[in-house]
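Undergrad: Structure file run-v9.cif (mmCIF, C-alpha atoms) right here:
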data_model
loop_
_atom_site.label_atom_id
_atom_site.label_comp_id
_atom_site.auth_asym_id
_atom_site.auth_seq_id
_atom_site.Cartn_x
_atom_site.Cartn_y
_atom_site.Cartn_z
CA MET A 1 -54.84 72.88 -48.78
CA THR A 2 -54.64 75.80 -46.37
CA GLU A 3 -51.41 77.39 -45.21
CA GLN A 4 -52.00 75.96 -41.74
CA GLN A 5 -52.39 72.42 -43.14
CA GLN A 6 -49.15 72.80 -45.08
CA GLN A 7 -47.08 73.60 -42.00
CA PRO A 8 -45.17 70.57 -40.69
CA LYS A 9 -45.93 69.59 -37.11
CA PRO A 10 -43.12 69.75 -34.56
CA ALA A 11 -41.41 66.45 -33.77
CA GLY A 12 -43.27 64.34 -31.25
CA THR A 13 -46.70 65.87 -31.97
CA ARG A 14 -48.00 63.32 -34.47
CA PRO A 15 -51.46 61.90 -33.70
CA PHE A 16 -51.67 58.41 -32.21
CA ASN A 17 -52.75 56.02 -34.96
CA PHE A 18 -54.68 52.95 -33.73
CA SER A 19 -55.23 51.47 -37.20
CA ALA A 20 -55.36 47.67 -37.45
CA GLY A 21 -53.36 47.68 -40.67
CA PRO A 22 -51.72 49.20 -42.54
CA ALA A 23 -50.71 50.43 -39.15
CA ALA A 24 -48.51 52.97 -37.44
CA MET A 25 -44.78 52.44 -37.80
CA PRO A 26 -42.03 53.52 -35.40
CA GLU A 27 -41.40 57.21 -35.96
CA ALA A 28 -37.64 56.64 -35.87
CA VAL A 29 -37.99 54.20 -38.78
CA LEU A 30 -40.01 56.68 -40.83
CA GLN A 31 -37.45 59.41 -40.17
CA ARG A 32 -34.59 57.11 -41.17
CA ALA A 33 -36.36 56.16 -44.40
CA ALA A 34 -37.09 59.82 -45.15
CA SER A 35 -33.42 60.73 -44.71
CA GLU A 36 -32.41 57.98 -47.15
CA MET A 37 -35.24 58.46 -49.62
CA LEU A 38 -33.27 60.15 -52.40
CA ASP A 39 -29.87 58.61 -51.78
CA TRP A 40 -29.38 55.35 -49.90
CA GLN A 41 -26.01 55.49 -48.15
CA GLY A 42 -24.22 57.31 -50.94
CA SER A 43 -25.39 54.98 -53.72
CA GLY A 44 -27.02 57.82 -55.63
CA MET A 45 -30.28 55.87 -55.72
CA SER A 46 -33.45 55.53 -53.70
CA VAL A 47 -34.11 51.97 -52.55
CA MET A 48 -37.20 52.08 -54.78
CA GLU A 49 -34.91 52.60 -57.78
CA MET A 50 -32.46 49.77 -57.11
CA SER A 51 -32.19 46.52 -59.00
CA HIS A 52 -33.21 43.71 -56.70
CA ARG A 53 -30.16 41.82 -57.97
CA GLY A 54 -27.69 44.66 -57.37
CA LYS A 55 -25.14 44.59 -54.58
CA GLU A 56 -26.84 47.49 -52.78
CA PHE A 57 -30.19 45.79 -52.38
CA GLY A 58 -28.46 42.46 -51.81
CA ALA A 59 -26.87 43.98 -48.72
CA ILE A 60 -30.24 45.31 -47.52
CA CYS A 61 -31.98 41.95 -47.96
CA THR A 62 -29.18 39.92 -46.39
CA GLN A 63 -29.15 42.18 -43.33
CA ALA A 64 -32.94 42.07 -43.00
CA GLU A 65 -32.93 38.27 -43.10
CA ALA A 66 -30.15 38.07 -40.51
CA ASP A 67 -31.88 40.55 -38.22
CA ILE A 68 -35.29 38.84 -38.23
CA ARG A 69 -33.56 35.51 -37.57
CA THR A 70 -31.86 37.06 -34.54
CA LEU A 71 -34.95 38.95 -33.42
CA LEU A 72 -37.25 35.90 -33.44
CA ALA A 73 -34.52 33.36 -32.54
CA VAL A 74 -35.33 31.39 -35.72
CA PRO A 75 -33.47 28.04 -35.79
CA GLU A 76 -31.09 27.31 -38.66
CA ASN A 77 -33.34 24.56 -40.07
CA PHE A 78 -35.98 27.17 -40.94
CA HIS A 79 -35.92 29.24 -44.13
CA ILE A 80 -36.88 32.92 -44.04
CA LEU A 81 -38.75 33.94 -47.18
CA PHE A 82 -39.76 37.43 -48.27
CA MET A 83 -42.87 37.04 -50.43
CA GLN A 84 -45.95 38.85 -51.69
CA GLY A 85 -49.69 38.27 -51.47
CA GLY A 86 -50.34 39.02 -47.81
CA GLY A 87 -52.17 36.77 -45.37
CA LEU A 88 -55.02 36.16 -47.82
CA GLY A 89 -52.52 35.01 -50.42
CA GLU A 90 -50.91 32.62 -47.96
CA ASN A 91 -54.32 31.10 -47.28
CA ALA A 92 -53.94 29.58 -50.76
CA ILE A 93 -50.15 29.32 -50.92
CA VAL A 94 -49.86 27.25 -47.73
CA PRO A 95 -52.24 24.45 -48.84
CA MET A 96 -50.70 24.45 -52.31
CA ASN A 97 -47.31 23.79 -50.68
CA LEU A 98 -48.14 21.65 -47.67
CA SER A 99 -51.45 19.83 -48.11
CA ARG A 100 -50.36 17.38 -50.84
CA GLY A 101 -54.03 17.55 -51.82
CA LYS A 102 -55.10 15.60 -48.75
CA THR A 103 -56.52 16.78 -45.40
CA ALA A 104 -55.55 19.82 -43.34
CA ASP A 105 -57.02 20.63 -39.94
CA PHE A 106 -58.29 24.11 -39.05
CA VAL A 107 -59.06 25.55 -35.64
CA ILE A 108 -61.66 28.28 -36.12
CA THR A 109 -61.24 31.18 -33.70
CA GLY A 110 -62.50 34.18 -35.66
CA SER A 111 -62.72 35.95 -39.00
CA TRP A 112 -59.24 35.19 -40.29
CA SER A 113 -59.22 31.47 -39.52
CA ILE A 114 -62.64 31.23 -41.20
CA LYS A 115 -61.17 32.83 -44.34
CA SER A 116 -58.19 30.45 -44.19
CA GLN A 117 -60.34 27.33 -43.98
CA LYS A 118 -62.63 28.42 -46.81
CA GLU A 119 -59.74 29.21 -49.13
CA ALA A 120 -57.96 25.93 -48.38
CA GLN A 121 -61.06 24.02 -49.50
CA ARG A 122 -60.03 24.86 -53.07
CA TYR A 123 -56.87 22.75 -52.74
CA CYS A 124 -57.51 20.06 -50.13
CA THR A 125 -59.98 18.70 -47.61
CA ALA A 126 -60.12 21.52 -45.05
CA HIS A 127 -61.38 19.83 -41.90
CA VAL A 128 -62.68 21.98 -39.04
CA ALA A 129 -61.09 20.39 -35.98
CA ALA A 130 -62.55 22.90 -33.54
CA SER A 131 -64.54 26.13 -33.55
CA ASN A 132 -65.54 28.83 -31.11
CA ALA A 133 -68.45 30.01 -33.25
CA GLY A 134 -70.85 28.85 -30.53
CA ASP A 135 -69.18 31.31 -28.17
CA HIS A 136 -69.42 34.08 -30.81
CA HIS A 137 -65.61 34.02 -31.10
CA THR A 138 -65.11 35.26 -27.55
CA LYS A 139 -63.20 32.24 -26.22
CA LEU A 140 -60.63 29.77 -27.53
CA PRO A 141 -61.77 26.18 -27.96
CA ASP A 142 -60.05 23.99 -25.37
CA PRO A 143 -57.32 21.95 -27.11
CA SER A 144 -58.55 18.84 -25.29
CA THR A 145 -61.75 19.07 -27.38
CA TRP A 146 -60.06 19.41 -30.78
CA GLN A 147 -60.98 16.66 -33.24
CA LEU A 148 -57.67 16.37 -35.08
CA SER A 149 -57.38 14.17 -38.14
CA GLN A 150 -55.13 11.12 -38.00
CA ASP A 151 -53.57 11.88 -41.38
CA ALA A 152 -53.57 15.71 -41.44
CA SER A 153 -50.84 17.26 -43.56
CA TYR A 154 -50.84 20.27 -41.21
CA VAL A 155 -52.87 22.05 -38.52
CA HIS A 156 -53.67 25.72 -39.08
CA LEU A 157 -54.13 28.36 -36.37
CA CYS A 158 -54.56 32.10 -36.57
CA THR A 159 -52.67 32.87 -33.37
CA ASN A 160 -54.00 36.42 -33.14
CA GLU A 161 -57.40 37.27 -34.61
CA THR A 162 -57.07 40.93 -35.60
CA ILE A 163 -60.80 41.54 -36.00
CA ASN A 164 -62.12 39.60 -33.01
CA GLY A 165 -59.33 40.45 -30.57
CA ILE A 166 -58.42 36.88 -29.58
CA GLU A 167 -54.84 35.67 -29.05
CA PHE A 168 -53.27 32.33 -28.20
CA GLN A 169 -51.18 33.04 -25.13
CA GLN A 170 -49.43 29.70 -25.62
CA LEU A 171 -49.03 27.53 -28.71
CA PRO A 172 -50.57 24.05 -28.49
CA ASP A 173 -48.38 20.97 -28.26
CA LEU A 174 -49.80 18.93 -31.14
CA ALA A 175 -47.78 15.85 -30.22
CA ALA A 176 -49.40 15.84 -26.78
CA LEU A 177 -52.78 16.02 -28.54
CA GLY A 178 -51.94 12.94 -30.59
CA SER A 179 -51.11 14.68 -33.87
CA ASN A 180 -47.88 14.32 -35.85
CA ALA A 181 -48.84 17.12 -38.22
CA PRO A 182 -46.77 20.33 -38.40
CA LEU A 183 -48.38 23.42 -36.93
CA VAL A 184 -48.95 26.34 -39.30
CA ILE A 185 -49.54 29.70 -37.65
CA ASP A 186 -50.79 32.95 -39.12
CA PHE A 187 -49.05 35.43 -36.83
CA SER A 188 -49.67 38.48 -39.01
CA SER A 189 -50.97 40.79 -36.30
CA HIS A 190 -48.68 39.84 -33.42
CA VAL A 191 -45.44 38.90 -35.16
CA ALA A 192 -42.41 40.22 -33.24
CA SER A 193 -44.59 41.25 -30.30
CA ARG A 194 -43.69 38.13 -28.33
CA SER A 195 -41.40 35.12 -28.63
CA VAL A 196 -42.24 32.05 -30.75
CA ASP A 197 -41.77 28.46 -29.58
CA TRP A 198 -40.28 27.10 -32.78
CA SER A 199 -40.22 23.56 -31.38
CA ARG A 200 -44.00 23.58 -31.86
CA VAL A 201 -44.14 25.30 -35.26
CA GLY A 202 -43.57 24.04 -38.80
CA LEU A 203 -44.45 27.23 -40.67
CA ALA A 204 -45.32 30.78 -39.69
CA PHE A 205 -46.54 33.50 -42.01
CA GLY A 206 -47.63 37.08 -41.69
CA GLY A 207 -48.39 40.17 -43.68
CA ALA A 208 -45.97 42.94 -42.71
CA GLN A 209 -48.50 45.76 -42.58
CA LYS A 210 -49.57 45.33 -38.97
CA ASN A 211 -46.32 45.10 -37.03
CA LEU A 212 -43.32 44.99 -39.38
CA GLY A 213 -43.64 47.50 -42.19
CA PRO A 214 -45.74 48.68 -45.14
CA ALA A 215 -48.29 46.60 -47.00
CA GLY A 216 -46.92 44.45 -49.82
CA LEU A 217 -44.41 42.27 -47.97
CA THR A 218 -45.27 38.85 -46.55
CA LEU A 219 -42.92 37.07 -44.16
CA VAL A 220 -42.84 33.26 -44.33
CA ILE A 221 -40.69 31.18 -41.99
CA VAL A 222 -40.78 27.51 -42.97
CA ARG A 223 -39.02 24.41 -41.69
CA ASP A 224 -36.67 22.72 -44.13
CA ASP A 225 -38.50 19.36 -44.27
CA LEU A 226 -41.71 21.05 -45.42
CA LEU A 227 -40.17 22.24 -48.69
CA GLY A 228 -40.54 20.36 -51.96
CA HIS A 229 -44.13 19.13 -51.66
CA ALA A 230 -45.99 21.73 -53.72
CA LEU A 231 -48.98 20.73 -55.83
CA GLU A 232 -48.50 20.79 -59.60
CA ILE A 233 -50.89 23.73 -59.84
CA CYS A 234 -48.78 25.87 -57.49
CA PRO A 235 -47.29 28.85 -59.37
CA SER A 236 -43.50 28.69 -59.36
CA ALA A 237 -43.27 32.13 -57.73
CA PHE A 238 -45.26 30.76 -54.77
CA ASN A 239 -43.45 27.43 -54.48
CA TYR A 240 -41.62 27.64 -51.16
CA LYS A 241 -38.73 25.47 -52.32
CA ILE A 242 -38.12 27.57 -55.42
CA VAL A 243 -38.34 30.78 -53.38
CA ALA A 244 -35.97 29.36 -50.75
CA ASP A 245 -33.49 28.05 -53.34
CA ASN A 246 -33.40 31.51 -54.90
CA LYS A 247 -33.13 33.36 -51.56
CA SER A 248 -36.42 35.23 -52.18
CA MET A 249 -35.13 36.50 -55.55
CA TYR A 250 -36.91 34.13 -57.94
CA ASN A 251 -39.10 37.03 -58.99
CA THR A 252 -38.75 40.70 -58.12
CA PRO A 253 -39.49 40.86 -54.40
CA PRO A 254 -41.22 43.80 -52.65
CA THR A 255 -37.94 45.69 -52.31
CA TRP A 256 -39.27 48.77 -50.50
CA GLY A 257 -41.22 46.60 -48.06
CA ILE A 258 -38.12 44.52 -47.29
CA TYR A 259 -36.07 47.67 -46.71
CA MET A 260 -38.67 49.18 -44.39
CA ALA A 261 -39.12 45.93 -42.51
CA GLY A 262 -35.34 45.72 -42.18
CA LEU A 263 -35.28 49.15 -40.55
CA THR A 264 -38.07 48.01 -38.21
CA PHE A 265 -36.08 44.88 -37.30
CA GLN A 266 -33.11 47.08 -36.40
CA TRP A 267 -35.35 49.35 -34.32
CA LEU A 268 -36.75 46.35 -32.46
CA LEU A 269 -33.30 44.93 -31.77
CA GLN A 270 -32.36 48.25 -30.16
CA GLN A 271 -35.33 48.30 -27.77
CA THR A 272 -34.59 47.85 -24.06
CA GLU A 273 -36.74 47.44 -20.97
CA GLY A 274 -34.59 47.08 -17.87
CA ALA A 275 -32.19 44.22 -18.57
CA LEU A 276 -34.35 42.95 -21.46
CA THR A 277 -33.70 43.70 -25.14
CA GLY A 278 -35.39 43.10 -28.47
CA VAL A 279 -38.60 41.08 -28.49
CA ALA A 280 -38.37 40.36 -24.75
CA ALA A 281 -38.30 44.10 -24.09
CA ILE A 282 -41.12 44.94 -26.49
CA GLU A 283 -43.24 42.13 -25.02
CA GLN A 284 -43.03 43.66 -21.56
CA ARG A 285 -44.06 47.00 -23.01
CA ASN A 286 -46.97 45.38 -24.83
CA ILE A 287 -48.15 43.69 -21.63
CA ALA A 288 -48.12 47.04 -19.82
CA LYS A 289 -50.11 48.74 -22.61
CA ALA A 290 -52.70 45.98 -22.80
CA ASN A 291 -53.11 45.81 -19.01
CA LEU A 292 -53.68 49.55 -18.85
CA LEU A 293 -56.39 49.57 -21.52
CA TYR A 294 -58.19 46.38 -20.47
CA GLY A 295 -57.99 47.40 -16.83
CA PHE A 296 -59.75 50.69 -17.55
CA ILE A 297 -62.44 49.04 -19.68
CA ASP A 298 -63.13 46.37 -17.07
CA ALA A 299 -63.50 48.97 -14.33
CA SER A 300 -66.06 50.90 -16.36
CA SER A 301 -69.73 50.18 -17.01
CA PHE A 302 -69.65 52.67 -19.90
CA TYR A 303 -67.34 50.48 -22.06
CA VAL A 304 -67.45 46.72 -22.67
CA ASN A 305 -64.94 44.14 -23.92
CA LYS A 306 -66.57 40.77 -24.62
CA ILE A 307 -63.45 38.58 -24.96
CA ASP A 308 -62.63 36.07 -22.25
CA PRO A 309 -59.69 37.44 -20.21
CA SER A 310 -57.72 34.22 -20.80
CA CYS A 311 -57.35 34.93 -24.51
CA ARG A 312 -57.53 38.69 -24.92
CA SER A 313 -55.22 40.03 -27.60
CA ARG A 314 -52.40 42.31 -26.54
CA MET A 315 -52.38 43.83 -30.03
CA ASN A 316 -56.04 44.37 -30.99
CA VAL A 317 -58.49 45.54 -28.33
CA PRO A 318 -62.12 45.63 -29.50
CA PHE A 319 -64.57 47.40 -27.22
CA PHE A 320 -68.10 48.74 -27.30
CA LEU A 321 -69.88 51.69 -25.77
CA ALA A 322 -72.74 50.44 -23.61
CA ASP A 323 -74.89 53.02 -25.41
CA GLU A 324 -73.89 52.68 -29.06
CA SER A 325 -75.89 55.73 -30.06
CA ARG A 326 -72.83 57.66 -28.85
CA ASN A 327 -70.42 55.94 -31.26
CA ASP A 328 -70.20 58.81 -33.74
CA ALA A 329 -69.62 61.37 -31.01
CA PHE A 330 -66.93 59.18 -29.49
CA LEU A 331 -65.07 58.85 -32.79
CA ALA A 332 -65.39 62.55 -33.63
CA GLY A 333 -64.04 63.52 -30.22
CA ALA A 334 -61.21 61.03 -30.55
CA ARG A 335 -60.14 62.53 -33.86
CA GLU A 336 -60.11 66.00 -32.32
CA ALA A 337 -57.93 64.62 -29.53
CA GLY A 338 -55.44 63.20 -32.04
CA LEU A 339 -56.56 59.57 -31.60
CA LEU A 340 -57.07 58.11 -35.06
CA GLN A 341 -58.75 55.06 -36.64
CA LEU A 342 -60.56 53.67 -33.61
CA LYS A 343 -63.65 52.49 -35.47
CA GLY A 344 -64.19 48.73 -35.18
CA HIS A 345 -64.22 46.38 -38.15
CA LYS A 346 -67.47 46.53 -40.10
CA SER A 347 -68.22 42.86 -39.38
CA VAL A 348 -68.02 43.40 -35.62
CA GLY A 349 -68.87 47.05 -35.02
CA GLY A 350 -67.97 49.09 -31.98
CA MET A 351 -64.42 50.30 -31.51
CA ARG A 352 -61.00 48.73 -31.87
CA ALA A 353 -57.66 50.01 -30.62
CA SER A 354 -54.72 48.29 -32.26
CA ILE A 355 -51.72 48.82 -30.00
CA TYR A 356 -48.90 47.25 -31.97
CA ASN A 357 -45.19 47.48 -31.17
CA ALA A 358 -44.92 50.99 -32.60
CA MET A 359 -47.65 52.36 -30.31
CA PRO A 360 -45.93 53.95 -27.29
CA LEU A 361 -47.34 53.66 -23.80
CA GLU A 362 -48.11 57.39 -24.03
CA GLY A 363 -50.58 56.66 -26.82
CA VAL A 364 -52.53 54.20 -24.68
CA GLN A 365 -52.41 56.62 -21.77
CA ALA A 366 -53.86 59.33 -24.03
CA LEU A 367 -56.62 56.98 -25.19
CA VAL A 368 -57.55 56.00 -21.62
CA SER A 369 -57.56 59.65 -20.60
CA TYR A 370 -59.89 60.50 -23.49
CA MET A 371 -62.18 57.54 -22.74
CA ARG A 372 -62.38 58.57 -19.09
CA GLU A 373 -63.28 62.16 -20.00
CA PHE A 374 -65.81 61.04 -22.61
CA GLU A 375 -67.47 58.81 -20.03
CA ARG A 376 -67.52 61.63 -17.46
CA SER A 377 -69.14 64.08 -19.85
CA HIS A 378 -71.68 61.63 -21.34
CA ALA A 379 -72.63 59.35 -18.46
#
Please rewrite the model in this file as C-alpha cells.

TA:
Amino acid sequence: MTEQQQQPKPAGTRPFNFSAGPAAMPEAVLQRAASEMLDWQGSGMSVMEMSHRGKEFGAICTQAEADIRTLLAVPENFHILFMQGGGLGENAIVPMNLSRGKTADFVITGSWSIKSQKEAQRYCTAHVAASNAGDHHTKLPDPSTWQLSQDASYVHLCTNETINGIEFQQLPDLAALGSNAPLVIDFSSHVASRSVDWSRVGLAFGGAQKNLGPAGLTLVIVRDDLLGHALEICPSAFNYKIVADNKSMYNTPPTWGIYMAGLTFQWLLQQTEGALTGVAAIEQRNIAKANLLYGFIDASSFYVNKIDPSCRSRMNVPFFLADESRNDAFLAGAREAGLLQLKGHKSVGGMRASIYNAMPLEGVQALVSYMREFERSHA
C-alpha cells in the first residue's frame, strides 16, 4: 500500500457506494460504531466480545427491538425476531413454519420470488398463483388475474425485487381477492424505506444487509397466531415459536449485526423532512432520489430503464446504455468519479444503482451529473 493510499480521507469525501448489498450504511452509524469499537459505553468490552446473555448486550437487543417496533409501527400482536440465514434461509424457514406441509401460493415477479418458490417446493406444494415472466419481469401481474388457492397456508410476495428493480407500491388486499391466507412478504431490499400496512401482512422478513446493517442478521416480524405450526423437520433454532419464546436468544444471535442495526434504527428515528420524522421522512427523501434518477433516464435516449413506471423500485434502479459496447468505459469513469458498484447483476446485465436509505440525495445528484457528462462526451 502506498503512502497516499494509507492517508485517511477528510470527512465527507467518501465515494458514493451504489452496491445492492451488502450496501452502504449511514456514515454517522459507522462513525458511532468506530468510536465504541474497543469499549462500549464504559463496559471495557467491544460489542463483539460480549456474552449475548450479559446485561450489556441485553440492553442493546432490547433497545433495538423497541426501536424497530416504533420505526415500523409494528402492532403488539407481532413478534420481532432477530435471526440468521438471510433471505435465502427464510425461503426454507418460512414454509417449514407456516406451510403445514400443504399448499402455499407464490406470486412470481422476478429473481427472488423465483428462488423462494423453488425452495418452498422442498417442504410443501408451492403453487404459482401469478407470474410476470411473460413480460420479462418488467411489470407486476394484475392482482385480479391471480389464481389463488382455496386452501393456501400463506401467499408469498417479494415486495421489492432487488435484481429486476420492481416494487409493489401497495400491498394487495388478499381478503378482497377471496383468500383467507396470511400474506408473507420478503421486504429485504426496501425495509424501513416506506411504511408497512400491517393489517394486510402476516409475516415480513428481510436480510439486514441492504437497508438495515451488515450481512448476517435477518429480521423477521411475525403475527402471534402464526407461531406454533412448524413442521417436525424444522430445526429448533429456526422454529419461530421457540425463537419468540426465547426473545431471539435460543442460540447465539448475530450480536454485532443486531448492534449495528440498532444504531441504524436510532439514526432513522432521528431523520426529519419538514414536519415528517422517521420512516415518513426517509420515504419522502427516497421518492425525491428515485424521481431524479428515473426522470433523467427517461429524458435520455442514451440510457434505458425497461420497468413499467407503475412498479419501478425506489431502491434499486437498473438501467442500460443504448450502446452496451460502452459499458466498461462507463464503469471505469464512474469509479474515477467516486461512484462505486454500479455494474448490474450478472443475470440481467447493464447497470444498477441501489439508492437505499443511506444514500444521500447528493449521491444521486453526482450520479446524474456523471451520466449526463458521459452521454455528452460519448453521444

Undergrad: In terms of the shortest atom-to-atom distance over only C-alpha atoms, which of A:Ala237, A:Val128, A:Met48, A:Met37 is closest to Gly85 (chain A)?

TA: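 The closest residue to Gly85 (chain A) is A:Ala237.
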
Undergrad: With only C-alpha atoms as the counted atoms, please give the residues lying no more than 8 Å from Gly110 (chain A), apart from itself and same-chain residues fewer than 2 positions off, as a list in words.

TA: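 Returned residues: Ile108, Trp112, Ser113, Ile114, Asn132, Ala133, His137, Glu161, Ile163, Asn164 and Ile166 of chain A.
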
Undergrad: Dump as CSV the rows for residues of region 82-120 of chain A within 12 Å of region 200-208 of chain A: closest atom pair and distance in Å with one decimal, all atoms listed in the file counted, ordered by chain and rising residue number.

TA:
residue,atom,partner,partner_atom,distance
A:Phe82,CA,A:Ala208,CA,10.0
A:Met83,CA,A:Gly207,CA,9.3
A:Gln84,CA,A:Gly207,CA,8.5
A:Gly85,CA,A:Gly207,CA,8.1
A:Gly86,CA,A:Gly207,CA,4.7
A:Gly87,CA,A:Gly207,CA,5.4
A:Leu88,CA,A:Gly207,CA,8.8
A:Gly89,CA,A:Gly207,CA,9.4
A:Glu90,CA,A:Phe205,CA,7.4
A:Asn91,CA,A:Phe205,CA,9.7
A:Ile93,CA,A:Phe205,CA,10.5
A:Val94,CA,A:Leu203,CA,8.9
A:Pro95,CA,A:Leu203,CA,11.6
A:Asn97,CA,A:Leu203,CA,11.0
A:Leu98,CA,A:Leu203,CA,9.7
A:Trp112,CA,A:Gly206,CA,11.8

Undergrad: Could you list, as a ChimeraX atom specification, every residue within 10 Å of Phe330 (chain A), counting all atoms listed in the file and ignoring same-chain residues fewer than 5 positions away?

TA: /A:321,324-325,335,342-343,351,370-371,374-375,378

Undergrad: So, with all atoms listed in the file as the atoms that count, which of A:Leu331, A:Ile287, A:Met260, A:Ala129 lies closest to Gly213 (chain A)?

TA: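 Looking at the shortest contact to Gly213 (chain A), the residue is A:Met260.
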
Undergrad: Set out as a Markdown table a contact list for region 246-357 of chain A and region 65-81 of chain A with a cut-off of 9 Å, giving each residue of region 246-357 of chain A that qualifies its closest atom pair and distance in Å to one decimal, counting only C-alpha atoms, ordered by chain and rising residue number.

TA:
| residue | atom | partner | partner_atom | distance |
| --- | --- | --- | --- | --- |
| A:Lys247 | CA | A:Leu81 | CA | 7.1 |
| A:Ser248 | CA | A:Leu81 | CA | 5.7 |
| A:Gly262 | CA | A:Asp67 | CA | 7.4 |
| A:Phe265 | CA | A:Asp67 | CA | 6.1 |
| A:Gln266 | CA | A:Asp67 | CA | 6.9 |
| A:Leu268 | CA | A:Leu71 | CA | 7.7 |
| A:Leu269 | CA | A:Leu71 | CA | 6.4 |
| A:Gly278 | CA | A:Leu71 | CA | 6.5 |
| A:Val279 | CA | A:Leu71 | CA | 6.5 |

Undergrad: How many Å lie between CA of Ala176 (chain A) and CA of Arg312 (chain A), rounded to one decimal?

TA: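 Separating CA of Ala176 (chain A) from CA of Arg312 (chain A) is a distance of 24.3 Å.
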